[in-house]
There are 4 protein chains.
Amino acid sequence: MIIVLRPDCKPEQQLAFAEKLKNDYDVKVNTWNGVHSTVLGLIGDTTQIDIEYLDAQDIVESVKRVGEPYKKANRKFHPENTVIEVAGRKIGDGSLHIMAGPCSVESEEQIVGIAESVAKSGATFLRGGAFKPRTSPYAFQGLKAEGLDLMKIARKETGLPIVTEIMRTSHIDMFESVDIIQVGARNMQNFELLKELGKIDKPILLKRGLSATIEEWLMSAEYIMAGGNNKVILCERGIRTYENFTRNTLDVSAIPIIKKLSHLPVIVDPSHASGKSWLVEPLAMAAVAAGADGLIIEVHNDPPHALSDGAQSLTPQQFDSVAKKIFKLKKAL
Amino acid sequence: MIIVLRPDCKPEQQLAFAEKLKNDYDVKVNTWNGVHSTVLGLIGDTTQIDIEYLDAQDIVESVKRVGEPYKKANRKFHPENTVIEVAGRKIGDGSLHIMAGPCSVESEEQIVGIAESVAKSGATFLRGGAFKPRTSPYAFQGLKAEGLDLMKIARKETGLPIVTEIMRTSHIDMFESVDIIQVGARNMQNFELLKELGKIDKPILLKRGLSATIEEWLMSAEYIMAGGNNKVILCERGIRTYENFTRNTLDVSAIPIIKKLSHLPVIVDPSHASGKSWLVEPLAMAAVAAGADGLIIEVHNDPPHALSDGAQSLTPQQFDSVAKKIFKLKKAL
Amino acid sequence: MIIVLRPDCKPEQQLAFAEKLKNDYDVKVNTWNGVHSTVLGLIGDTTQIDIEYLDAQDIVESVKRVGEPYKKANRKFHPENTVIEVAGRKIGDGSLHIMAGPCSVESEEQIVGIAESVAKSGATFLRGGAFKPRTSPYAFQGLKAEGLDLMKIARKETGLPIVTEIMRTSHIDMFESVDIIQVGARNMQNFELLKELGKIDKPILLKRGLSATIEEWLMSAEYIMAGGNNKVILCERGIRTYENFTRNTLDVSAIPIIKKLSHLPVIVDPSHASGKSWLVEPLAMAAVAAGADGLIIEVHNDPPHALSDGAQSLTPQQFDSVAKKIFKLKKAL
Amino acid sequence: MIIVLRPDCKPEQQLAFAEKLKNDYDVKVNTWNGVHSTVLGLIGDTTQIDIEYLDAQDIVESVKRVGEPYKKANRKFHPENTVIEVAGRKIGDGSLHIMAGPCSVESEEQIVGIAESVAKSGATFLRGGAFKPRTSPYAFQGLKAEGLDLMKIARKETGLPIVTEIMRTSHIDMFESVDIIQVGARNMQNFELLKELGKIDKPILLKRGLSATIEEWLMSAEYIMAGGNNKVILCERGIRTYENFTRNTLDVSAIPIIKKLSHLPVIVDPSHASGKSWLVEPLAMAAVAAGADGLIIEVHNDPPHALSDGAQSLTPQQFDSVAKKIFKLKKAL
């Protein structure tokens, strides 16, 4: 960590500050006296230091981190890939997993039908929403507990483990038998929820926030891991930019960057990233070519009648065609 | 609402779709046949229509709203300003309110001392954080329930009503005697929290999300109001942009825009918008000149030792000087 | 084109305005009277209508385009792919072209050496900068005319056609024998330059502006085409977002979107999109998987001593390895 | 300047690199050996060092500047405000200047009429466009040379010095008798134009690029100043963000930030920042309250018939009312 002091900082202030840093944190402090400014360098474990606290000091002009502020999610401290095993499937081991299913669970017939169909096409997980975060209070909010039950029926029928989104701390018990719990983009910094999810022993699919930096996203993973739950799967789902042709802009670079900075697996959601079904195939292909560990894709038996997100859903037939191309691509890589 | 149909849409499909829209929603449907595309126009109350559902139809190319998707927060349906009364203070009636206090409550001495001092300088509310949303799990998370108690002591000593942030639905009872409950930027789309806050009868200070559009922000207000609680105060606190000299970019235009689109009061947080104490004064001045109903400003007795956000806090002396200039400006307007 | 009139607009104003629109432009005007607003629909060729002019009318609340504002670049009016032939190579015909070479031309030995090496690895064009747009006036600005001459020598030695950037209208004559003239991101809306390039008969590689929307980018292509030069190759090179881990954020979605909206070929620059050499391979792979017609990649014999952009350049050995993977991927698709 | 070396960098490489830096640039180099990385600190004048060059070295992980990359525009090296005198008016001396006039010059009657009217309301400069940068090649491009002549007539009639935009290097001679030459947002990084403007002795109004950082904007000022022309006036005109209710987002924080980082005067364009005439007044007020040295405002005698930018133009009557409020506010500050 590098601390630039203000030009008018006096030598005795500088000395006292360096002394304080050494005592408060377990670090060594080096000092350089430049022409226009004095710079302190902190050596040691600085992940516990609050950069804002330092920034607030009268004599400080700016503070820059040299190392990353996350530790458990950091590849430097955990060089091997984390592999998360769910119902015999290994995420992060180099294989490719597709989680497919409808935005919202709507009925037993619907979810079982879709599950059977996507399983045939090669999906290894069933996704589906029971509790739905919607921008409008007047839009369909999901079947809730009933939706969870229907997903379990579909799991029983097809053997596909299930992935579904949690929206509230008090629901954690209800999600006990879910295979992977999803944290949506809008809750990526719902720290109270992250803390509670850190206390359980279940894989968490952590979506990137709408405008989260990669560092903030890894800090949210760190929240879960700091509580003791290391089973975090990251999910890139598009970020907010000035371009509004697509709902979000898929940040495909995030895939190799996460692979470099962290040991956690990373998957991609091309459906939410684009908001348009005709973009799902090319974005899925791009994600796999860039090294993603998996995809999460919206599939609906009847998109024009979907209760949510129909515009970005594939039909089972379209999904089958996309999946074929994806597996062919994966094989070629 | 305007629906552009795909060029290859057949006349009978178009007719059937128009018929369906008339039956499903209480709207009239007009049709134009253009050279390259056919356009349907929906007339009536379209706030209940899910735009994504329409967008998902096979025969639909694009959908555009003519009206706004929010109703209770919309000035069109509620032309007079909403005035929210708290302990005899009126927010939204043309007067200017300053909410001042520390980012985090740290001790009785600290909070009472700051409260006395900001009250003398003209602040009409005491702000302070008991539960703190922090990016790092290793940073100070607030004094929690004890912090709330200390704020109540400061209220008793000074008469200043208190504003503090809630982070969790299950805490609502604990916030019973708080005067204004704040929803932080990271929770602006924590819909479960918004729904619960819609059921109580207490003013809610709703901060704009880090990258929320004005429309999304008003939709979050609508969530609270849809539940029956109309006492929503909006708070602009800077948005995320590519510019990283400041922590966020104050969107000063949001003030007159909110005034035009909505009847709700809007205040500004120059401390979070900039992240730097030396920017608080010019941004506060700009906000007042642009028509804000109030300001929320971080003040700390000893910023270099603040447990959070010290870099953007003013000392009581600095706050006094800023407040003087602000009140002088307000008088001149 | 849809024009929403203000609620207080009187029937006679509305009539007069509709009449004026019919006379001024060759369009039909339909009128709907809604509950809260009146809407006019313009049918006909609206590409010549200035949307800002309409927006300025007293009685107009908002204007929305139904069609695109570009015509010559629009796939609707030109359904088949444009294929651009340069020295026997066809860009846009489904094949994949790699343009490779250094950011800056530095010496004959350097450029000829790199050209020979990338040609062996499969590159079909040589790229290189003679005139360099640099953020700092104190940074190396290129070898200028001498750089162009060195590129021609390299072309003679290897047979690779050359691609290089123009920065000034008065240089067009000097670029006479260049095979493809590049317009850089910072000049994408240098309309005076675009107009002049519209008058010549030479392929133009038009980079997307740092924060240009896809529509603005296509409008810049339209500028060139409006002058009579239809040989425009679009180049996605990353856009500016809030994320600053990478220099820019590659917008991989732009590839399929351009393919849908336009008939022009589109290539990708993974070197500028990321600014980091270790990201070039995964981004190049993603671009090809998403359907790009080509890639433009920075290659330098000695990146640590490159006079510009060394951080994102590959060595010839690295390029050879990347090119092998790319061609293998292309074959598999 | 701080250089973080890669963890695997060997001591002899580190030594050789430090030696090279000392020889190549006139700097001292300090070295710290941390637990996870080694850091070099460069002390001396680092404005001439190309940060990208350092970043490209094999053994370098990252480079961070401590000082700013601009020198002539930097307040550290030029503590007093630059005051630019034009026809007896002083910009940057604490007074407030309003530049007003139409987006496009359309006729003698129009420009003289507007000039007389805005002069009466207190404007001290006449703005007007002769050469117009337009997104569409089919939109009105300005009266060009004739427009310049009409502005000179209006200057003669009213005594108001004139401000107008240049778009092409070859036009510099034609702009000889213009009082302030404007560089538009889209040309902020047209470095060839900036270099030529650095060679003349005339005030340059440098608009901020659509998505330029404050640092890039000051680097563009540095381009002009590096050539010898120190008369640069900066103009904030809104930046591109994800929010699309307004055409751009006014970055009001830029005003105090420029005042801190630089000695150059800064004015604000509330017309382009918002794109809506009803937002001009509140944004102008905010800009003045935040410390701007002036405003540039679009005024048109007949906005609905303006050939460009009518939606954001005020009528002379509206301008008179806004100007009165602005001068009253300025007096109160």
# chains A, B, ... in the order shown; residues from 1 in each chain; ligands from 1

call {"tool": "interface_residues", "arguments": {"of": "chain C", "to": "chain D", "cutoff": "9 Å", "atoms": "only C-alpha atoms", "output": "PyMOL selection string"}}
result
chain C and resi 47-50+52-58+69-70+133-140+167-170+186-193+195+210-211+216+219-220+222-224+226+240-241+276-277+303-313

call {"tool": "calpha_fit_and_write", "arguments": {"fixed": "chain C", "moving": "chain A", "output": "tab-separated table (two decimals) with C-alpha atoms, in the first residue's frame"}}
result
chain	number	residue	atom	x	y	z
A	1	MET	CA	-41.26	8.11	-36.41
A	2	ILE	CA	-43.50	8.71	-33.42
A	3	ILE	CA	-44.17	12.20	-32.08
A	4	VAL	CA	-45.84	12.57	-28.69
A	5	LEU	CA	-47.51	15.98	-28.33
A	6	ARG	CA	-47.81	17.86	-25.06
A	7	PRO	CA	-51.04	17.35	-23.12
A	8	ASP	CA	-51.94	21.05	-23.49
A	9	CYS	CA	-51.61	21.08	-27.29
A	10	LYS	CA	-54.77	22.42	-28.92
A	11	PRO	CA	-56.56	20.58	-31.76
A	12	GLU	CA	-55.88	23.37	-34.26
A	13	GLN	CA	-52.16	23.41	-33.41
A	14	GLN	CA	-52.06	19.67	-33.82
A	15	LEU	CA	-53.73	19.89	-37.22
A	16	ALA	CA	-51.43	22.65	-38.44
A	17	PHE	CA	-48.37	20.74	-37.31
A	18	ALA	CA	-49.47	17.53	-39.03
A	19	GLU	CA	-50.12	19.52	-42.21
A	20	LYS	CA	-46.67	21.11	-42.05
A	21	LEU	CA	-44.98	17.73	-41.64
A	22	LYS	CA	-46.77	16.34	-44.68
A	23	ASN	CA	-45.64	19.31	-46.76
A	24	ASP	CA	-42.06	19.55	-45.52
A	25	TYR	CA	-41.23	15.88	-45.82
A	26	ASP	CA	-42.54	13.17	-48.08
A	27	VAL	CA	-44.48	11.38	-45.33
A	28	LYS	CA	-47.98	10.42	-44.33
A	29	VAL	CA	-49.10	11.47	-40.85
A	30	ASN	CA	-51.45	9.47	-38.65
A	31	THR	CA	-52.94	10.87	-35.47
A	32	TRP	CA	-54.12	9.12	-32.29
A	33	ASN	CA	-55.84	10.89	-29.48
A	34	GLY	CA	-54.95	9.16	-26.23
A	35	VAL	CA	-56.21	9.89	-22.73
A	36	HIS	CA	-53.13	11.76	-21.58
A	37	SER	CA	-51.51	12.68	-24.87
A	38	THR	CA	-51.86	12.82	-28.61
A	39	VAL	CA	-49.45	10.89	-30.76
A	40	LEU	CA	-48.50	11.45	-34.41
A	41	GLY	CA	-47.04	8.66	-36.50
A	42	LEU	CA	-44.96	9.52	-39.57
A	43	ILE	CA	-44.89	6.98	-42.36
A	44	GLY	CA	-42.40	7.13	-45.22
A	45	ASP	CA	-38.68	7.82	-45.53
A	46	THR	CA	-37.78	9.56	-42.26
A	47	THR	CA	-33.98	9.26	-42.47
A	48	GLN	CA	-33.81	12.85	-43.76
A	49	ILE	CA	-35.81	14.28	-40.86
A	50	ASP	CA	-33.85	16.04	-38.14
A	51	ILE	CA	-35.18	14.58	-34.93
A	52	GLU	CA	-33.82	17.52	-32.90
A	53	TYR	CA	-35.79	19.94	-35.01
A	54	LEU	CA	-39.02	18.15	-34.20
A	55	ASP	CA	-38.05	17.87	-30.55
A	56	ALA	CA	-37.70	21.65	-30.38
A	57	GLN	CA	-41.31	22.38	-31.26
A	58	ASP	CA	-43.35	23.97	-28.47
A	59	ILE	CA	-46.11	21.44	-28.79
A	60	VAL	CA	-43.86	18.37	-28.86
A	61	GLU	CA	-43.16	16.33	-25.73
A	62	SER	CA	-40.91	13.68	-27.23
A	63	VAL	CA	-39.94	12.06	-30.50
A	64	LYS	CA	-38.92	8.45	-31.05
A	65	ARG	CA	-37.59	6.85	-34.17
A	66	VAL	CA	-39.13	3.60	-35.30
A	67	GLY	CA	-36.65	3.08	-38.11
A	68	GLU	CA	-32.91	3.60	-38.07
A	69	PRO	CA	-31.43	7.01	-39.03
A	70	TYR	CA	-28.93	5.42	-41.45
A	71	LYS	CA	-29.77	4.14	-44.87
A	72	LYS	CA	-26.75	3.14	-46.93
A	73	ALA	CA	-25.26	1.22	-44.02
A	74	ASN	CA	-28.60	-0.44	-43.23
A	75	ARG	CA	-29.16	-4.11	-43.93
A	76	LYS	CA	-32.86	-3.46	-44.51
A	77	PHE	CA	-32.01	-1.63	-47.71
A	78	HIS	CA	-29.06	-3.83	-48.67
A	79	PRO	CA	-29.72	-7.38	-47.46
A	80	GLU	CA	-26.57	-9.09	-48.81
A	81	ASN	CA	-23.22	-8.83	-47.02
A	82	THR	CA	-20.81	-6.28	-48.40
A	83	VAL	CA	-17.61	-8.01	-49.40
A	84	ILE	CA	-14.54	-5.79	-49.72
A	85	GLU	CA	-11.74	-7.03	-51.91
A	86	VAL	CA	-8.19	-5.86	-51.21
A	87	ALA	CA	-5.26	-7.33	-53.12
A	88	GLY	CA	-7.16	-10.54	-53.73
A	89	ARG	CA	-8.31	-10.90	-50.12
A	90	LYS	CA	-12.05	-10.78	-49.49
A	91	ILE	CA	-13.24	-9.25	-46.22
A	92	GLY	CA	-16.82	-10.05	-45.29
A	93	ASP	CA	-17.24	-13.23	-47.33
A	94	GLY	CA	-17.17	-15.58	-44.34
A	95	SER	CA	-13.41	-16.04	-44.23
A	96	LEU	CA	-11.26	-14.77	-41.37
A	97	HIS	CA	-8.55	-12.14	-41.83
A	98	ILE	CA	-5.87	-11.20	-39.34
A	99	MET	CA	-4.21	-7.81	-39.62
A	100	ALA	CA	-1.07	-7.87	-37.51
A	101	GLY	CA	1.87	-5.61	-36.84
A	102	PRO	CA	3.34	-3.07	-34.46
A	103	CYS	CA	1.55	-0.13	-32.91
A	104	SER	CA	4.27	2.17	-34.31
A	105	VAL	CA	6.57	1.62	-37.25
A	106	GLU	CA	10.06	2.19	-35.85
A	107	SER	CA	12.61	1.11	-38.47
A	108	GLU	CA	12.89	-0.83	-41.71
A	109	GLU	CA	14.41	-3.78	-39.93
A	110	GLN	CA	11.62	-3.80	-37.36
A	111	ILE	CA	8.69	-3.55	-39.75
A	112	VAL	CA	10.04	-5.93	-42.35
A	113	GLY	CA	11.01	-8.43	-39.68
A	114	ILE	CA	7.57	-8.34	-38.07
A	115	ALA	CA	5.84	-8.49	-41.46
A	116	GLU	CA	7.74	-11.60	-42.48
A	117	SER	CA	7.05	-13.25	-39.21
A	118	VAL	CA	3.30	-12.52	-39.03
A	119	ALA	CA	2.88	-13.53	-42.68
A	120	LYS	CA	4.34	-16.92	-41.83
A	121	SER	CA	1.86	-17.26	-38.97
A	122	GLY	CA	-1.07	-16.62	-41.28
A	123	ALA	CA	-1.73	-12.87	-41.07
A	124	THR	CA	-3.17	-11.56	-44.34
A	125	PHE	CA	-2.56	-7.83	-43.74
A	126	LEU	CA	0.20	-5.78	-42.14
A	127	ARG	CA	-0.87	-3.09	-39.70
A	128	GLY	CA	1.44	-0.36	-38.42
A	129	GLY	CA	1.22	3.22	-37.22
A	130	ALA	CA	3.07	6.05	-38.94
A	131	PHE	CA	1.02	8.94	-37.54
A	132	LYS	CA	0.18	8.25	-33.90
A	133	PRO	CA	-2.58	9.88	-31.84
A	134	ARG	CA	-1.13	10.11	-28.32
A	135	THR	CA	-2.81	11.42	-25.20
A	136	SER	CA	0.34	13.27	-24.14
A	137	PRO	CA	2.01	15.90	-26.34
A	138	TYR	CA	5.31	14.67	-24.88
A	139	ALA	CA	4.93	11.07	-26.12
A	140	PHE	CA	6.37	9.68	-29.38
A	141	GLN	CA	4.15	10.81	-32.27
A	142	GLY	CA	5.25	8.37	-34.97
A	143	LEU	CA	7.74	8.42	-37.85
A	144	LYS	CA	5.09	10.07	-40.05
A	145	ALA	CA	5.82	10.08	-43.82
A	146	GLU	CA	8.94	8.00	-43.29
A	147	GLY	CA	6.82	5.42	-41.47
A	148	LEU	CA	4.53	5.13	-44.49
A	149	ASP	CA	7.52	4.51	-46.73
A	150	LEU	CA	8.81	1.79	-44.45
A	151	MET	CA	5.43	0.08	-44.53
A	152	LYS	CA	5.50	0.08	-48.32
A	153	ILE	CA	8.92	-1.56	-48.21
A	154	ALA	CA	7.54	-4.24	-45.90
A	155	ARG	CA	4.61	-4.75	-48.28
A	156	LYS	CA	7.00	-5.20	-51.18
A	157	GLU	CA	9.04	-7.73	-49.23
A	158	THR	CA	6.12	-9.82	-48.03
A	159	GLY	CA	3.17	-9.15	-50.32
A	160	LEU	CA	1.00	-8.19	-47.33
A	161	PRO	CA	-1.33	-5.26	-48.07
A	162	ILE	CA	-0.99	-2.48	-45.49
A	163	VAL	CA	-3.38	-0.83	-43.04
A	164	THR	CA	-2.46	2.44	-41.34
A	165	GLU	CA	-4.13	5.35	-39.59
A	166	ILE	CA	-4.83	8.79	-41.02
A	167	MET	CA	-5.17	11.78	-38.69
A	168	ARG	CA	-5.60	14.77	-40.95
A	169	THR	CA	-7.59	15.63	-44.05
A	170	SER	CA	-4.59	17.18	-45.75
A	171	HIS	CA	-2.77	13.82	-45.66
A	172	ILE	CA	-5.21	11.99	-47.93
A	173	ASP	CA	-2.96	12.31	-50.99
A	174	MET	CA	-0.05	10.90	-49.01
A	175	PHE	CA	-2.18	7.82	-48.22
A	176	GLU	CA	-2.89	7.16	-51.91
A	177	SER	CA	-1.01	3.86	-52.04
A	178	VAL	CA	-2.09	2.58	-48.64
A	179	ASP	CA	-4.38	-0.46	-49.02
A	180	ILE	CA	-6.77	0.22	-46.15
A	181	ILE	CA	-6.95	3.60	-44.43
A	182	GLN	CA	-7.77	3.45	-40.74
A	183	VAL	CA	-9.82	6.08	-38.90
A	184	GLY	CA	-8.98	5.91	-35.20
A	185	ALA	CA	-11.45	5.88	-32.34
A	186	ARG	CA	-10.75	9.51	-31.44
A	187	ASN	CA	-11.57	10.61	-34.98
A	188	MET	CA	-14.75	8.57	-35.43
A	189	GLN	CA	-16.73	11.80	-35.30
A	190	ASN	CA	-14.18	14.00	-37.06
A	191	PHE	CA	-16.83	14.68	-39.67
A	192	GLU	CA	-14.58	16.78	-41.90
A	193	LEU	CA	-12.24	13.82	-42.24
A	194	LEU	CA	-15.10	11.39	-42.87
A	195	LYS	CA	-16.51	13.60	-45.62
A	196	GLU	CA	-13.19	13.67	-47.45
A	197	LEU	CA	-12.77	9.91	-47.12
A	198	GLY	CA	-16.20	9.54	-48.68
A	199	LYS	CA	-14.85	11.06	-51.87
A	200	ILE	CA	-12.08	8.54	-52.46
A	201	ASP	CA	-12.24	4.94	-53.68
A	202	LYS	CA	-10.40	3.06	-50.98
A	203	PRO	CA	-11.40	0.77	-48.11
A	204	ILE	CA	-11.76	2.58	-44.79
A	205	LEU	CA	-11.32	0.77	-41.47
A	206	LEU	CA	-13.60	2.74	-39.16
A	207	LYS	CA	-12.88	2.18	-35.48
A	208	ARG	CA	-15.68	2.62	-33.01
A	209	GLY	CA	-15.35	5.78	-30.90
A	210	LEU	CA	-14.37	5.45	-27.25
A	211	SER	CA	-17.93	5.90	-26.12
A	212	ALA	CA	-19.86	5.73	-29.37
A	213	THR	CA	-23.18	3.94	-29.50
A	214	ILE	CA	-23.62	1.39	-32.25
A	215	GLU	CA	-26.02	3.81	-33.92
A	216	GLU	CA	-23.50	6.68	-33.88
A	217	TRP	CA	-20.85	4.35	-35.26
A	218	LEU	CA	-23.11	3.36	-38.15
A	219	MET	CA	-23.93	7.06	-38.70
A	220	SER	CA	-20.20	7.71	-39.11
A	221	ALA	CA	-20.07	4.89	-41.66
A	222	GLU	CA	-23.04	6.58	-43.31
A	223	TYR	CA	-21.01	9.83	-43.56
A	224	ILE	CA	-18.37	8.04	-45.62
A	225	MET	CA	-20.94	6.16	-47.69
A	226	ALA	CA	-23.05	9.27	-48.29
A	227	GLY	CA	-20.04	10.64	-50.16
A	228	GLY	CA	-19.97	7.63	-52.47
A	229	ASN	CA	-17.40	5.37	-50.83
A	230	ASN	CA	-19.15	2.16	-49.79
A	231	LYS	CA	-16.00	0.28	-48.76
A	232	VAL	CA	-16.31	0.60	-45.01
A	233	ILE	CA	-15.00	-2.02	-42.57
A	234	LEU	CA	-16.14	-1.52	-38.99
A	235	CYS	CA	-13.75	-2.24	-36.11
A	236	GLU	CA	-14.86	-2.83	-32.52
A	237	ARG	CA	-12.01	-1.87	-30.15
A	238	GLY	CA	-13.58	-1.68	-26.72
A	239	ILE	CA	-15.74	0.99	-25.16
A	240	ARG	CA	-15.37	3.16	-22.11
A	241	THR	CA	-17.13	1.91	-19.02
A	242	TYR	CA	-16.82	2.37	-15.26
A	243	GLU	CA	-14.67	-0.80	-15.05
A	244	ASN	CA	-11.03	0.21	-15.08
A	245	PHE	CA	-9.20	-3.07	-14.72
A	246	THR	CA	-8.91	-3.05	-18.51
A	247	ARG	CA	-8.21	0.07	-20.56
A	248	ASN	CA	-11.56	-0.40	-22.35
A	249	THR	CA	-14.32	-3.01	-22.21
A	250	LEU	CA	-14.62	-5.19	-25.32
A	251	ASP	CA	-18.25	-5.06	-26.46
A	252	VAL	CA	-18.42	-8.51	-27.99
A	253	SER	CA	-22.18	-8.15	-28.52
A	254	ALA	CA	-21.44	-5.47	-31.10
A	255	ILE	CA	-20.38	-8.17	-33.56
A	256	PRO	CA	-23.74	-9.98	-33.95
A	257	ILE	CA	-25.59	-6.66	-33.60
A	258	ILE	CA	-23.67	-5.09	-36.49
A	259	LYS	CA	-24.28	-8.25	-38.53
A	260	LYS	CA	-28.02	-7.82	-37.94
A	261	LEU	CA	-28.30	-4.06	-38.46
A	262	SER	CA	-25.79	-3.64	-41.26
A	263	HIS	CA	-24.30	-5.43	-44.24
A	264	LEU	CA	-20.79	-4.10	-43.58
A	265	PRO	CA	-17.97	-6.37	-42.39
A	266	VAL	CA	-16.87	-6.08	-38.76
A	267	ILE	CA	-13.51	-6.92	-37.24
A	268	VAL	CA	-12.21	-6.74	-33.68
A	269	ASP	CA	-9.12	-5.23	-32.05
A	270	PRO	CA	-8.45	-7.25	-28.90
A	271	SER	CA	-5.18	-5.41	-28.23
A	272	HIS	CA	-6.70	-1.97	-27.68
A	273	ALA	CA	-9.84	-3.41	-26.11
A	274	SER	CA	-7.84	-4.79	-23.22
A	275	GLY	CA	-4.52	-2.97	-23.12
A	276	LYS	CA	-2.89	-6.14	-21.77
A	277	SER	CA	-1.11	-8.72	-23.88
A	278	TRP	CA	-2.29	-11.68	-21.77
A	279	LEU	CA	-5.91	-10.82	-22.61
A	280	VAL	CA	-5.39	-10.76	-26.38
A	281	GLU	CA	-5.81	-14.50	-26.86
A	282	PRO	CA	-9.07	-15.03	-24.94
A	283	LEU	CA	-10.65	-11.89	-26.43
A	284	ALA	CA	-9.58	-12.85	-29.95
A	285	MET	CA	-11.11	-16.29	-29.45
A	286	ALA	CA	-14.34	-14.75	-28.16
A	287	ALA	CA	-14.53	-12.38	-31.12
A	288	VAL	CA	-14.13	-15.15	-33.66
A	289	ALA	CA	-16.67	-17.36	-31.86
A	290	ALA	CA	-19.14	-14.45	-31.95
A	291	GLY	CA	-18.79	-14.11	-35.72
A	292	ALA	CA	-16.16	-11.44	-36.44
A	293	ASP	CA	-14.84	-11.19	-40.01
A	294	GLY	CA	-11.34	-10.52	-38.80
A	295	LEU	CA	-8.95	-9.38	-36.10
A	296	ILE	CA	-6.39	-6.63	-35.84
A	297	ILE	CA	-3.63	-7.52	-33.41
A	298	GLU	CA	-0.55	-5.68	-32.21
A	299	VAL	CA	2.67	-7.62	-32.65
A	300	HIS	CA	6.10	-6.28	-31.78
A	301	ASN	CA	9.47	-7.97	-32.04
A	302	ASP	CA	10.52	-6.50	-28.70
A	303	PRO	CA	7.51	-5.23	-26.69
A	304	PRO	CA	9.57	-3.92	-23.76
A	305	HIS	CA	11.31	-1.56	-26.17
A	306	ALA	CA	8.25	-0.64	-28.26
A	307	LEU	CA	7.87	3.11	-28.66
A	308	SER	CA	4.15	2.82	-27.96
A	309	ASP	CA	1.59	0.32	-26.67
A	310	GLY	CA	4.17	-2.27	-25.64
A	311	ALA	CA	1.99	-3.51	-22.80
A	312	GLN	CA	-0.59	-4.88	-25.18
A	313	SER	CA	1.71	-6.22	-27.91
A	314	LEU	CA	2.41	-9.87	-28.52
A	315	THR	CA	5.83	-11.13	-29.56
A	316	PRO	CA	5.94	-12.89	-32.95
A	317	GLN	CA	6.18	-16.20	-31.07
A	318	GLN	CA	3.12	-15.42	-28.96
A	319	PHE	CA	1.27	-14.27	-32.06
A	320	ASP	CA	2.10	-17.51	-33.84
A	321	SER	CA	0.62	-19.49	-30.98
A	322	VAL	CA	-2.51	-17.32	-30.81
A	323	ALA	CA	-2.99	-17.45	-34.59
A	324	LYS	CA	-2.82	-21.24	-34.56
A	325	LYS	CA	-5.58	-21.43	-31.96
A	326	ILE	CA	-7.69	-18.89	-33.82
A	327	PHE	CA	-7.50	-20.70	-37.14
A	328	LYS	CA	-8.27	-23.99	-35.42
A	329	LEU	CA	-11.31	-22.40	-33.80
A	330	LYS	CA	-12.46	-20.85	-37.08
A	331	LYS	CA	-12.24	-24.23	-38.76
A	332	ALA	CA	-14.33	-25.86	-36.03
A	333	LEU	CA	-17.12	-23.28	-36.31

call {"tool": "select_by_dssp", "arguments": {"residues": "region 47-257 of chain C", "states": "alpha helix (DSSP H)", "output": "PyMOL selection string"}}
result
chain C and resi 51-55+108-121+145-158+191-197+214-226+254-257

call {"tool": "select_by_dssp", "arguments": {"residues": "region 157-257 of chain C", "states": "strand (DSSP E or B)", "output": "ChimeraX atom specification"}}
result
/C:162-166,180-183,204-207,232-236,239,249,251
